[in-house]
Structure formats: C-alpha cells, structure tokens
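Structure data (PDB, C-alpha atoms) from entry_6.pdb:
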```pdb
ATOM      1  CA  MET I   1     -79.465  75.392  24.756
ATOM      2  CA  ARG I   2     -76.349  76.318  26.724
ATOM      3  CA  VAL I   3     -75.033  72.797  26.258
ATOM      4  CA  VAL I   4     -75.526  73.058  22.475
ATOM      5  CA  ILE I   5     -73.705  76.420  22.359
ATOM      6  CA  PHE I   6     -70.898  74.978  24.493
ATOM      7  CA  PHE I   7     -70.445  72.030  22.113
ATOM      8  CA  MET I   8     -70.569  74.330  19.067
ATOM      9  CA  ILE I   9     -67.794  76.444  20.600
ATOM     10  CA  LEU I  10     -65.791  73.276  21.288
ATOM     11  CA  VAL I  11     -66.208  72.151  17.659
ATOM     12  CA  PHE I  12     -65.123  75.544  16.273
ATOM     13  CA  VAL I  13     -62.118  75.766  18.606
ATOM     14  CA  GLY I  14     -61.115  72.194  17.688
ATOM     15  CA  LEU I  15     -61.481  72.955  13.979
ATOM     16  CA  GLY I  16     -59.383  76.079  14.423
ATOM     17  CA  TYR I  17     -56.603  74.115  16.085
ATOM     18  CA  ALA I  18     -56.790  71.418  13.396
ATOM     19  CA  ILE I  19     -56.328  74.022  10.648
ATOM     20  CA  LYS I  20     -53.618  75.813  12.606
ATOM     21  CA  ASP I  21     -51.693  72.577  13.146
ATOM     22  CA  ALA I  22     -51.919  71.365   9.569
ATOM     23  CA  HIS I  23     -48.603  71.803   7.723
ATOM     24  CA  SER I  24     -49.052  70.137   4.399
ATOM     25  CA  HIS I  25     -48.014  70.553   0.800
ATOM     26  CA  GLU I  26     -50.489  69.091  -1.675
ATOM     27  CA  MET I  27     -50.462  68.923  -5.468
ATOM     28  CA  VAL I  28     -52.881  67.305  -7.931
ATOM     29  CA  PRO I  29     -53.089  65.573 -10.304
ATOM     30  CA  ALA I  30     -50.469  62.925  -9.592
ATOM     31  CA  TYR I  31     -50.507  61.919 -13.249
ATOM     32  CA  PHE I  32     -50.825  64.636 -15.878
ATOM     33  CA  LYS I  33     -51.445  64.894 -19.614
ATOM     34  CA  LEU I  34     -50.161  67.499 -22.020
ATOM     35  CA  THR I  35     -52.671  69.116 -24.343
ATOM     36  CA  GLN I  36     -52.272  71.529 -27.228
ATOM     37  CA  SER I  37     -52.138  75.133 -26.034
ATOM     38  CA  PRO I  38     -53.499  78.084 -28.050
ATOM     39  CA  VAL I  39     -49.905  78.682 -29.180
ATOM     40  CA  VAL I  40     -48.643  76.588 -32.115
ATOM     41  CA  ASN I  41     -46.070  73.910 -31.159
ATOM     42  CA  VAL I  42     -46.584  74.515 -27.464
ATOM     43  CA  HIS I  43     -48.359  72.094 -25.145
ATOM     44  CA  VAL I  44     -49.775  72.838 -21.718
ATOM     45  CA  THR I  45     -50.729  71.095 -18.508
ATOM     46  CA  SER I  46     -52.096  72.445 -15.257
ATOM     47  CA  PHE I  47     -51.840  71.594 -11.572
ATOM     48  CA  LYS I  48     -53.617  72.623  -8.420
ATOM     49  CA  LEU I  49     -51.538  73.338  -5.376
ATOM     50  CA  PHE I  50     -52.719  73.740  -1.788
ATOM     51  CA  ASN I  51     -50.421  75.277   0.796
ATOM     52  CA  ALA I  52     -51.236  74.294   4.372
ATOM     53  CA  ARG I  53     -47.686  74.955   5.542
ATOM     54  CA  ASN I  54     -47.687  78.072   7.665
ATOM     55  CA  ASP I  55     -43.883  78.190   7.473
ATOM     56  CA  VAL I  56     -43.775  78.381   3.654
ATOM     57  CA  ASP I  57     -44.970  81.213   1.388
ATOM     58  CA  TYR I  58     -43.221  80.438  -1.901
ATOM     59  CA  TYR I  59     -43.033  77.426  -4.183
ATOM     60  CA  GLN I  60     -40.976  76.683  -7.277
ATOM     61  CA  VAL I  61     -41.953  74.653 -10.336
ATOM     62  CA  SER I  62     -39.464  72.464 -12.190
ATOM     63  CA  VAL I  63     -39.696  69.961 -15.039
ATOM     64  CA  TYR I  64     -37.498  66.879 -15.442
ATOM     65  CA  ASP I  65     -36.954  64.025 -17.846
ATOM     66  CA  GLU I  66     -36.804  60.343 -16.903
ATOM     67  CA  ASP I  67     -33.222  60.678 -15.619
ATOM     68  CA  TRP I  68     -33.980  63.814 -13.607
ATOM     69  CA  ASN I  69     -32.297  66.177 -16.062
ATOM     70  CA  ARG I  70     -34.006  69.546 -16.273
ATOM     71  CA  VAL I  71     -36.330  70.160 -19.233
ATOM     72  CA  PRO I  72     -36.988  73.720 -20.453
ATOM     73  CA  PHE I  73     -40.493  75.005 -19.809
ATOM     74  CA  ALA I  74     -42.433  78.233 -19.493
ATOM     75  CA  SER I  75     -44.839  79.287 -16.776
ATOM     76  CA  PHE I  76     -46.204  82.483 -15.324
ATOM     77  CA  ASP I  77     -45.620  80.849 -11.945
ATOM     78  CA  ARG I  78     -42.067  79.504 -12.082
ATOM     79  CA  VAL I  79     -41.547  80.790  -8.536
ATOM     80  CA  PHE I  80     -44.762  81.981  -6.988
ATOM     81  CA  LYS I  81     -46.250  83.141  -3.738
ATOM     82  CA  LEU I  82     -48.936  80.976  -2.184
ATOM     83  CA  GLU I  83     -50.123  82.073   1.216
ATOM     84  CA  HIS I  84     -51.080  79.719   4.014
ATOM     85  CA  LEU I  85     -54.320  77.789   3.357
ATOM     86  CA  LYS I  86     -54.629  79.163  -0.199
ATOM     87  CA  ARG I  87     -55.006  77.226  -3.431
ATOM     88  CA  LYS I  88     -53.560  78.058  -6.809
ATOM     89  CA  GLU I  89     -53.749  76.634 -10.300
ATOM     90  CA  ILE I  90     -50.466  76.691 -12.171
ATOM     91  CA  LYS I  91     -49.995  76.117 -15.880
ATOM     92  CA  VAL I  92     -46.804  74.681 -17.348
ATOM     93  CA  TYR I  93     -46.049  75.170 -21.053
ATOM     94  CA  ILE I  94     -43.696  72.855 -22.916
ATOM     95  CA  GLN I  95     -42.544  73.154 -26.511
ATOM     96  CA  GLU I  96     -43.324  70.297 -28.842
ATOM     97  CA  ALA I  97     -39.669  69.327 -29.273
ATOM     98  CA  ASP I  98     -39.411  68.489 -25.549
ATOM     99  CA  ILE I  99     -42.665  66.575 -25.130
ATOM    100  CA  SER I 100     -41.074  63.152 -25.583
ATOM    101  CA  SER I 101     -38.574  63.786 -22.791
ATOM    102  CA  VAL I 102     -40.899  65.349 -20.208
ATOM    103  CA  THR I 103     -41.539  62.906 -17.361
ATOM    104  CA  TYR I 104     -41.929  64.774 -14.066
ATOM    105  CA  VAL I 105     -43.310  68.159 -13.046
ATOM    106  CA  CYS I 106     -42.441  69.065  -9.470
ATOM    107  CA  THR I 107     -43.296  71.790  -6.997
ATOM    108  CA  GLU I 108     -40.843  72.485  -4.209
ATOM    109  CA  SER I 109     -41.213  74.617  -1.109
ATOM    110  CA  LYS I 110     -38.851  77.565  -0.775
ATOM    111  CA  LEU I 111     -37.669  78.126   2.755
ATOM    112  CA  TYR I 112     -36.856  81.450   4.345
ATOM    113  CA  LYS I 113     -33.481  81.570   6.016
ATOM    114  CA  GLY I 114     -34.055  81.889   9.723
ATOM    115  CA  LYS I 115     -37.870  81.607   9.623
ATOM    116  CA  GLY I 116     -37.895  78.284  11.429
ATOM    117  CA  ALA I 117     -38.708  75.972   8.500
ATOM    118  CA  TYR I 118     -36.327  73.038   8.435
ATOM    119  CA  VAL I 119     -38.106  70.582   6.145
ATOM    120  CA  ALA I 120     -38.168  71.170   2.394
ATOM    121  CA  SER I 121     -41.053  69.383   0.677
ATOM    122  CA  ARG I 122     -41.208  68.418  -2.977
ATOM    123  CA  ILE I 123     -44.066  66.687  -4.816
ATOM    124  CA  CYS I 124     -43.593  65.367  -8.343
ATOM    125  CA  SER I 125     -46.342  64.383 -10.762
ATOM    126  CA  LYS I 126     -45.624  62.002 -13.607
ATOM    127  CA  ILE I 127     -46.771  62.226 -17.220
ATOM    128  CA  LYS I 128     -49.486  59.814 -18.313
ATOM    129  CA  ARG I 129     -48.612  58.632 -21.821
TER     130      ARG I 129
ATOM    131  CA  MET M   1    -112.457  73.465  11.111
ATOM    132  CA  LEU M   2    -109.975  76.329  10.789
ATOM    133  CA  LYS M   3    -107.780  74.656  13.399
ATOM    134  CA  LYS M   4    -107.755  71.405  11.356
ATOM    135  CA  VAL M   5    -106.834  73.304   8.164
ATOM    136  CA  LEU M   6    -103.989  75.103   9.941
ATOM    137  CA  ILE M   7    -102.602  71.872  11.416
ATOM    138  CA  GLY M   8    -102.940  70.144   8.046
ATOM    139  CA  SER M   9    -101.093  72.896   6.169
ATOM    140  CA  PHE M  10     -98.397  72.939   8.893
ATOM    141  CA  LEU M  11     -97.825  69.171   8.468
ATOM    142  CA  VAL M  12     -97.723  69.533   4.672
ATOM    143  CA  SER M  13     -95.093  72.290   4.888
ATOM    144  CA  ILE M  14     -92.967  70.201   7.289
ATOM    145  CA  ALA M  15     -93.168  67.283   4.857
ATOM    146  CA  ALA M  16     -92.138  69.577   1.982
ATOM    147  CA  ILE M  17     -89.130  70.879   3.922
ATOM    148  CA  SER M  18     -88.127  67.317   4.828
ATOM    149  CA  ALA M  19     -88.425  66.241   1.221
ATOM    150  CA  LYS M  20     -86.252  69.151   0.107
ATOM    151  CA  ALA M  21     -83.616  68.386   2.757
ATOM    152  CA  ALA M  22     -83.553  64.750   1.683
ATOM    153  CA  GLU M  23     -82.608  65.846  -1.829
ATOM    154  CA  ALA M  24     -79.503  67.800  -0.779
ATOM    155  CA  PRO M  25     -76.568  65.738  -2.041
ATOM    156  CA  ILE M  26     -73.132  65.472  -0.495
ATOM    157  CA  SER M  27     -70.522  64.675  -3.066
ATOM    158  CA  GLY M  28     -66.778  64.302  -2.888
ATOM    159  CA  THR M  29     -63.860  63.003  -4.864
ATOM    160  CA  VAL M  30     -60.692  61.484  -3.511
ATOM    161  CA  GLU M  31     -58.001  62.148  -6.061
ATOM    162  CA  SER M  32     -54.920  60.037  -6.509
ATOM    163  CA  LYS M  33     -52.477  62.165  -4.594
ATOM    164  CA  CYS M  34     -49.622  62.256  -2.149
ATOM    165  CA  THR M  35     -49.549  64.898   0.550
ATOM    166  CA  ILE M  36     -46.488  65.755   2.618
ATOM    167  CA  PHE M  37     -47.067  66.992   6.179
ATOM    168  CA  THR M  38     -44.265  68.529   8.184
ATOM    169  CA  GLU M  39     -45.526  67.632  11.631
ATOM    170  CA  THR M  40     -42.484  68.440  13.748
ATOM    171  CA  ASN M  41     -39.470  70.578  12.998
ATOM    172  CA  GLY M  42     -36.278  69.176  14.483
ATOM    173  CA  VAL M  43     -34.131  70.777  17.167
ATOM    174  CA  TYR M  44     -30.429  70.208  17.671
ATOM    175  CA  ALA M  45     -29.072  69.652  21.157
ATOM    176  CA  SER M  46     -25.402  69.891  22.061
ATOM    177  CA  PRO M  47     -24.564  67.137  24.582
ATOM    178  CA  ILE M  48     -20.833  67.845  24.148
ATOM    179  CA  ALA M  49     -19.130  70.985  22.847
ATOM    180  CA  SER M  50     -18.153  69.449  19.507
ATOM    181  CA  GLN M  51     -21.450  67.782  18.661
ATOM    182  CA  LEU M  52     -24.985  68.677  17.587
ATOM    183  CA  THR M  53     -27.617  65.960  17.586
ATOM    184  CA  THR M  54     -31.372  65.522  17.295
ATOM    185  CA  ASP M  55     -31.252  62.464  19.587
ATOM    186  CA  PRO M  56     -34.052  62.852  22.174
ATOM    187  CA  ALA M  57     -31.829  61.121  24.763
ATOM    188  CA  ASP M  58     -29.492  64.131  24.504
ATOM    189  CA  GLY M  59     -32.278  66.707  24.541
ATOM    190  CA  GLY M  60     -32.791  67.035  20.794
ATOM    191  CA  VAL M  61     -36.011  66.776  18.800
ATOM    192  CA  GLN M  62     -36.308  64.582  15.726
ATOM    193  CA  PRO M  63     -38.235  65.967  12.750
ATOM    194  CA  ILE M  64     -41.409  64.006  11.986
ATOM    195  CA  ILE M  65     -42.650  63.949   8.393
ATOM    196  CA  ARG M  66     -45.958  62.410   7.405
ATOM    197  CA  PHE M  67     -46.881  61.082   3.980
ATOM    198  CA  ASP M  68     -50.567  60.607   3.153
ATOM    199  CA  VAL M  69     -51.086  58.500   0.055
ATOM    200  CA  ALA M  70     -54.549  58.147  -1.495
ATOM    201  CA  LEU M  71     -53.632  55.478  -4.053
ATOM    202  CA  ALA M  72     -51.641  52.315  -3.319
ATOM    203  CA  ASP M  73     -48.437  51.455  -5.171
ATOM    204  CA  SER M  74     -48.286  54.780  -7.013
ATOM    205  CA  PHE M  75     -45.706  56.856  -5.161
ATOM    206  CA  LEU M  76     -42.137  56.809  -3.909
ATOM    207  CA  GLY M  77     -41.287  58.652  -0.717
ATOM    208  CA  ARG M  78     -37.751  60.008  -0.493
ATOM    209  CA  ILE M  79     -36.371  61.594   2.633
ATOM    210  CA  SER M  80     -32.861  62.992   2.919
ATOM    211  CA  PHE M  81     -31.148  63.898   6.164
ATOM    212  CA  PRO M  82     -28.873  66.956   6.027
ATOM    213  CA  THR M  83     -25.207  66.773   5.022
ATOM    214  CA  SER M  84     -24.426  70.442   5.619
ATOM    215  CA  PHE M  85     -25.788  73.449   7.469
ATOM    216  CA  SER M  86     -27.946  75.873   5.525
ATOM    217  CA  SER M  87     -26.898  78.556   7.990
ATOM    218  CA  SER M  88     -24.329  78.556  10.761
ATOM    219  CA  PRO M  89     -21.433  80.552  12.147
ATOM    220  CA  SER M  90     -18.134  80.231  10.294
ATOM    221  CA  LEU M  91     -16.858  76.654  10.634
ATOM    222  CA  PRO M  92     -13.321  76.310   9.256
ATOM    223  CA  ASP M  93     -12.836  72.713  10.462
ATOM    224  CA  THR M  94     -14.317  69.507   9.103
ATOM    225  CA  GLN M  95     -17.995  68.765   9.678
ATOM    226  CA  ASP M  96     -18.894  65.102   9.892
ATOM    227  CA  PHE M  97     -22.631  64.710   9.278
ATOM    228  CA  SER M  98     -24.501  61.478   9.844
ATOM    229  CA  GLY M  99     -28.169  60.577  10.158
ATOM    230  CA  ASN M 100     -30.936  58.115   9.573
ATOM    231  CA  VAL M 101     -34.579  57.890   8.503
ATOM    232  CA  GLU M 102     -36.986  55.424  10.100
ATOM    233  CA  VAL M 103     -40.697  54.705  10.041
ATOM    234  CA  GLU M 104     -42.289  56.120  13.192
ATOM    235  CA  THR M 105     -45.955  55.065  12.869
ATOM    236  CA  VAL M 106     -48.129  53.511  10.165
ATOM    237  CA  SER M 107     -51.877  53.422   9.558
ATOM    238  CA  ASP M 108     -51.930  49.999   7.928
ATOM    239  CA  VAL M 109     -50.284  46.718   8.868
ATOM    240  CA  GLY M 110     -49.181  46.342   5.227
ATOM    241  CA  MET M 111     -46.666  49.159   5.824
ATOM    242  CA  ALA M 112     -44.800  47.152   8.457
ATOM    243  CA  ASP M 113     -41.997  46.214   6.049
ATOM    244  CA  TYR M 114     -41.332  49.724   4.772
ATOM    245  CA  ASP M 115     -38.104  50.037   6.758
ATOM    246  CA  THR M 116     -36.694  46.669   5.710
ATOM    247  CA  ASP M 117     -37.662  47.192   2.060
ATOM    248  CA  LYS M 118     -36.319  50.736   1.721
ATOM    249  CA  THR M 119     -33.471  51.684  -0.591
ATOM    250  CA  THR M 120     -30.678  53.856   0.769
ATOM    251  CA  PHE M 121     -28.277  55.875  -1.319
ATOM    252  CA  ASN M 122     -25.945  58.473   0.179
ATOM    253  CA  ASN M 123     -28.081  60.442   2.629
ATOM    254  CA  THR M 124     -31.397  59.592   0.929
ATOM    255  CA  HIS M 125     -33.799  56.886   2.063
ATOM    256  CA  GLU M 126     -36.341  55.831  -0.555
ATOM    257  CA  TYR M 127     -39.581  54.104   0.413
ATOM    258  CA  ASP M 128     -41.922  52.388  -2.021
ATOM    259  CA  LEU M 129     -45.325  53.489  -0.717
ATOM    260  CA  THR M 130     -47.195  50.337  -1.704
ATOM    261  CA  VAL M 131     -50.151  50.783   0.649
ATOM    262  CA  ALA M 132     -52.638  53.650   0.733
ATOM    263  CA  GLY M 133     -52.763  55.469   4.046
ATOM    264  CA  THR M 134     -50.596  57.450   6.432
ATOM    265  CA  THR M 135     -46.937  56.872   7.265
ATOM    266  CA  ARG M 136     -44.913  58.953   9.687
ATOM    267  CA  PHE M 137     -41.133  59.045   9.356
ATOM    268  CA  LYS M 138     -38.641  60.290  11.918
ATOM    269  CA  VAL M 139     -35.322  61.731  10.854
ATOM    270  CA  SER M 140     -32.196  61.793  12.963
ATOM    271  CA  SER M 141     -29.216  64.028  12.314
ATOM    272  CA  GLU M 142     -25.853  64.400  14.017
ATOM    273  CA  MET M 143     -22.812  66.568  13.319
ATOM    274  CA  ASP M 144     -19.392  66.104  14.862
ATOM    275  CA  TYR M 145     -17.100  69.058  14.440
ATOM    276  CA  GLY M 146     -13.382  68.917  13.681
ATOM    277  CA  ASP M 147     -11.150  66.887  15.958
ATOM    278  CA  THR M 148     -13.525  67.255  18.921
ATOM    279  CA  LYS M 149     -13.247  71.035  18.680
ATOM    280  CA  ALA M 150     -15.830  73.213  20.392
ATOM    281  CA  LEU M 151     -18.526  74.571  18.088
ATOM    282  CA  PRO M 152     -18.667  78.387  17.974
ATOM    283  CA  ALA M 153     -21.743  80.001  19.495
ATOM    284  CA  GLY M 154     -24.560  80.902  17.108
ATOM    285  CA  ASN M 155     -27.603  79.557  15.295
ATOM    286  CA  TYR M 156     -27.308  76.366  13.305
ATOM    287  CA  THR M 157     -29.882  75.351  10.698
ATOM    288  CA  ALA M 158     -29.955  72.233   8.543
ATOM    289  CA  ILE M 159     -32.632  71.208   6.064
ATOM    290  CA  VAL M 160     -34.337  67.830   5.741
ATOM    291  CA  THR M 161     -35.781  67.165   2.289
ATOM    292  CA  ALA M 162     -39.008  65.190   1.888
ATOM    293  CA  GLU M 163     -40.088  64.215  -1.600
ATOM    294  CA  CYS M 164     -43.071  62.328  -2.977
ATOM    295  CA  VAL M 165     -42.722  61.173  -6.581
ATOM    296  CA  ALA M 166     -45.416  59.536  -8.694
ATOM    297  CA  LYS M 167     -44.260  56.162 -10.041
TER     298      LYS M 167
END
```
Translate this structure into structure tokens?
Amino acid sequence: MRVVIFFMILVFVGLGYAIKDAHSHEMVPAYFKLTQSPVVNVHVTSFKLFNARNDVDYYQVSVYDEDWNRVPFASFDRVFKLEHLKRKEIKVYIQEADISSVTYVCTESKLYKGKGAYVASRICSKIKR
Amino acid sequence: MLKKVLIGSFLVSIAAISAKAAEAPISGTVESKCTIFTETNGVYASPIASQLTTDPADGGVQPIIRFDVALADSFLGRISFPTSFSSSPSLPDTQDFSGNVEVETVSDVGMADYDTDKTTFNNTHEYDLTVAGTTRFKVSSEMDYGDTKALPAGNYTAIVTAECVAK
C-alpha cells in the first residue's frame, strides 16, 4: 500500500512539473471558414486559444490579406487577457466587403517589459475557401 | 444454501461492474494544429566590454523554441533573431546586431534537411515544416557596440519572434 501511495505521489509531482514547465501557445483551427453572423453583411469565425505560457498574460488578434496587409475586423477580444493554463474562444467579425481579401487570422503574445519573456510567439490560421 | 446464493450474487455483481467498466469509452481528437513552445529564454553574456552574445562558449544562453506540428506539410515556421533591444540603457552609438537560427533537435529523420532547405530573408529564417512532429530551434544573437566602446551598465532585453503560419 505504501509503495502504491509513493508511486501516486511521484506521478502527481511529475505531472505538476510537466504542467509548470510547459510554455506553449496553441490556437485551433489551423484552417477556418467564415459563416454568416446574426448581423447583416457581417461574417464571423471563431478560434480556441490555449495559453500554457506562464510568462504571457495577454494576446492580440490581427487579420491579414494574402500579402500581409492588415484587414479591418471587429472582435470583443482584440487584445485580451488569458491567464496561464486557461482556454478562451474568440470570435472575429469581418464585413462582407472584406471577405475576399481575408487570408490569415493571427494571435500574438504580448510581452511585459521587464517580466523576463524574451520570445514573442505568433500563430496564424488560414482561410479555407 | 445461503452461502452459495451470497457467493453467486457477489460474482454476478462483479461481472456487472466489469461489464460497465468495459463500456467506458476513451475518445480523443488530434486537430491539425501548430503549437509554439518557448522552452528556454536566452541570456546575454558580455565576454568583452563592447559585446553582448548568447554564445554558450562565452557564458551566454541560446533561446530554444519548439514547434509541434500535428499535420505534415501544412505550416511554415518563421523565427527572427533580434535587430534591436526592446529595453536597454541609452545607447547613442551604433549597434551592430547579428544572429542565426538553426535546428537543434528533430523527432523525425525526415526533418534532417530543414536547415539546408530553409529560406532566409533579413533576420528571419523560414522553415517549411513538411513533416509532422517536433522540431527544436536554437537562436543565436550578438550585438557589437560602437567602435568597440564599452556598453553602459544596465539591463538589456531583446525579443526573438517565433511564428507558425498555416500554408
């Protein structure tokens, strides 16, 4: 019994270290589709973001065309807080006139000055036409 | 007789529990995704008064960035070494930044050519992530200040950018 408890403690401690040492930025889906939103002439897509970076609390959303020019969009979460090991669904709204030019939607980590984060991560999903 | 009934009902209940446990499904989905891991933050060392470098031979630490790709031939990995400080003391003289990005470790032999096949423009190194799996990249950065002038004391921070773009 003691051996079992000892191994269980080892597993939990190991799992704790694994979570503590994970520093990842994850966004799905990699390929997105725009669908009609409840608002006329406005289309919407959504993404799920997971923040396993303990040195990052904020992320920024941006939308680009094929040549990496910015495309106007609306979102409640243009710059948003996402605490360590939390998930969030973000919705991006695009007006019908810009649909043909939308190619990439990206999320980028925002780094605190002096907090010890020296790697900015950016993940971009591409439209599936 | 009672003993036989009790043993029988005990065996039946065990069988029922086993049957129930056998029905518990484990399901999972691996989505097509790219995940960026910042495994090691870099540290500048100052082997001479006018230079900062991440070279381990001079006491520096190179940042290690890991890309996990769940779908082959679907993503581009772009890593840029810094060309300026994001924070530093006042530096009135010229700052000459240089750097490099190299593959550190790979999880699949098919990734062996990533370094030779990469595209480099300015300070950005672009890798076509053609194989699903894990790739670790190491980034080196060096800054030479002025005409071998001594760097002022203070904290220096430079940012490496890691980007994963769906193709």
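The smallest atom-to-atom distance between Ile65 of chain M and any of M:Thr135, M:Ser86, M:Thr29, M:Asn100, using all atoms listed in the file, is found for M:Thr135.
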Resolved residues for the ChimeraX specification (/I :<8) & /M as a VMD selection string: chain M and resid 31 to 39 41 to 42 86 to 87 157 to 167
Written file, previous selection with C-alpha atoms, as a PDB file, in the frame of the given file:
```pdb
ATOM      1  CA  GLU M  31     -58.001  62.148  -6.061  1.00  0.00           C
ATOM      2  CA  SER M  32     -54.920  60.037  -6.509  1.00  0.00           C
ATOM      3  CA  LYS M  33     -52.477  62.165  -4.594  1.00  0.00           C
ATOM      4  CA  CYS M  34     -49.622  62.256  -2.149  1.00  0.00           C
ATOM      5  CA  THR M  35     -49.549  64.898   0.550  1.00  0.00           C
ATOM      6  CA  ILE M  36     -46.488  65.755   2.618  1.00  0.00           C
ATOM      7  CA  PHE M  37     -47.067  66.992   6.179  1.00  0.00           C
ATOM      8  CA  THR M  38     -44.265  68.529   8.184  1.00  0.00           C
ATOM      9  CA  GLU M  39     -45.526  67.632  11.631  1.00  0.00           C
ATOM     10  CA  ASN M  41     -39.470  70.578  12.998  1.00  0.00           C
ATOM     11  CA  GLY M  42     -36.278  69.176  14.483  1.00  0.00           C
ATOM     12  CA  SER M  86     -27.946  75.873   5.525  1.00  0.00           C
ATOM     13  CA  SER M  87     -26.898  78.556   7.990  1.00  0.00           C
ATOM     14  CA  THR M 157     -29.882  75.351  10.698  1.00  0.00           C
ATOM     15  CA  ALA M 158     -29.955  72.233   8.543  1.00  0.00           C
ATOM     16  CA  ILE M 159     -32.632  71.208   6.064  1.00  0.00           C
ATOM     17  CA  VAL M 160     -34.337  67.830   5.741  1.00  0.00           C
ATOM     18  CA  THR M 161     -35.781  67.165   2.289  1.00  0.00           C
ATOM     19  CA  ALA M 162     -39.008  65.190   1.888  1.00  0.00           C
ATOM     20  CA  GLU M 163     -40.088  64.215  -1.600  1.00  0.00           C
ATOM     21  CA  CYS M 164     -43.071  62.328  -2.977  1.00  0.00           C
ATOM     22  CA  VAL M 165     -42.722  61.173  -6.581  1.00  0.00           C
ATOM     23  CA  ALA M 166     -45.416  59.536  -8.694  1.00  0.00           C
ATOM     24  CA  LYS M 167     -44.260  56.162 -10.041  1.00  0.00           C
TER      25      LYS M 167
END
```
Selected by the PyMOL selection byres ((chain I and resi 89-98) around 6) in the shown coordinates: which residues, as a VMD selection string? chain I and resid 41 to 48 73 to 75 88 99 to 101
Keeping only C-alpha atoms, write the selected residues to a file as an mmCIF file, in the coordinates of the input.
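Full text of again-v4.cif as output:
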```cif
data_model
loop_
_atom_site.group_PDB
_atom_site.id
_atom_site.type_symbol
_atom_site.label_atom_id
_atom_site.label_comp_id
_atom_site.auth_asym_id
_atom_site.auth_seq_id
_atom_site.Cartn_x
_atom_site.Cartn_y
_atom_site.Cartn_z
ATOM 1 C CA ASN I 41 -46.070 73.910 -31.159
ATOM 2 C CA VAL I 42 -46.584 74.515 -27.464
ATOM 3 C CA HIS I 43 -48.359 72.094 -25.145
ATOM 4 C CA VAL I 44 -49.775 72.838 -21.718
ATOM 5 C CA THR I 45 -50.729 71.095 -18.508
ATOM 6 C CA SER I 46 -52.096 72.445 -15.257
ATOM 7 C CA PHE I 47 -51.840 71.594 -11.572
ATOM 8 C CA LYS I 48 -53.617 72.623 -8.420
ATOM 9 C CA PHE I 73 -40.493 75.005 -19.809
ATOM 10 C CA ALA I 74 -42.433 78.233 -19.493
ATOM 11 C CA SER I 75 -44.839 79.287 -16.776
ATOM 12 C CA LYS I 88 -53.560 78.058 -6.809
ATOM 13 C CA ILE I 99 -42.665 66.575 -25.130
ATOM 14 C CA SER I 100 -41.074 63.152 -25.583
ATOM 15 C CA SER I 101 -38.574 63.786 -22.791
#
```
Once the PyMOL selection byres ((chain M and resi 59) around 8) has been applied to the shown file, what residues remain in the selection, as a ChimeraX atom specification? /M:44-47,54-58,60-61
Between atom CA of Ala132 of chain M and atom CA of Ala70 of chain M, distance in Å (one decimal): 5.4 Å
Could you work out how far atom CA of Thr103 of chain I lies from atom CA of Leu34 of chain I, giving the answer in Å with one decimal? 10.8 Å
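Picture a line from atom CA of Pro89 of chain M to atom CA of Gly154 of chain M; it runs 5.9 Å.
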Might you pull out every residue within 8 Å of Asp117 of chain M, with only C-alpha atoms counted and same-chain residues fewer than 3 positions away left off, and present them as a compact mmCIF listing (two decimals) with C-alpha atoms, in the frame of the given file?
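Listed below is the output, around_24.txt:
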```
# COMPACT_ATOMS: atom_id res chain seq x y z
CA ASP M 113 -42.00 46.21 6.05
CA TYR M 114 -41.33 49.72 4.77
CA TYR M 127 -39.58 54.10 0.41
CA ASP M 128 -41.92 52.39 -2.02
```
Which residue, I:Val71, I:Val39, I:Val102, I:Leu49, has the smallest gap to Leu85 of chain I when you use only C-alpha atoms?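 Counting only C-alpha atoms, the residue closest to Leu85 of chain I is I:Leu49.
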Mind listing as a VMD selection string all residues within 8 Å of (-44.1, 82.8, -8.8), counting all atoms listed in the file? chain I and resid 58 to 60 76 to 81
Near-Leu82 of chain I list (7 Å; only C-alpha atoms; drop same-chain fewer than 4 positions) as a ChimeraX atom specification: /I:51,57-58,86
For segment 60-64 of chain I, what centre and edge lengths in Å (one decimal) does the axis-aligned box get once 6 Å is added on each side of all its listed atoms, as AutoDock Vina command-line options?
```
--center_x -39.7 --center_y 71.8 --center_z -11.4 --size_x 16.5 --size_y 21.8 --size_z 20.2
```
Which residues are near Lys138 of chain M? Cut-off 6 Å, all atoms listed in the file, ignore same chain within fewer than 2 positions. Put them as JSON, numbers by chain. {"M": [63, 64, 101, 102, 104]}
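Among the candidates M:Glu142, M:Asp96, M:Asn123, M:Leu129, the residue lying nearest to Met111 of chain M is M:Leu129 (atoms considered: only C-alpha atoms).
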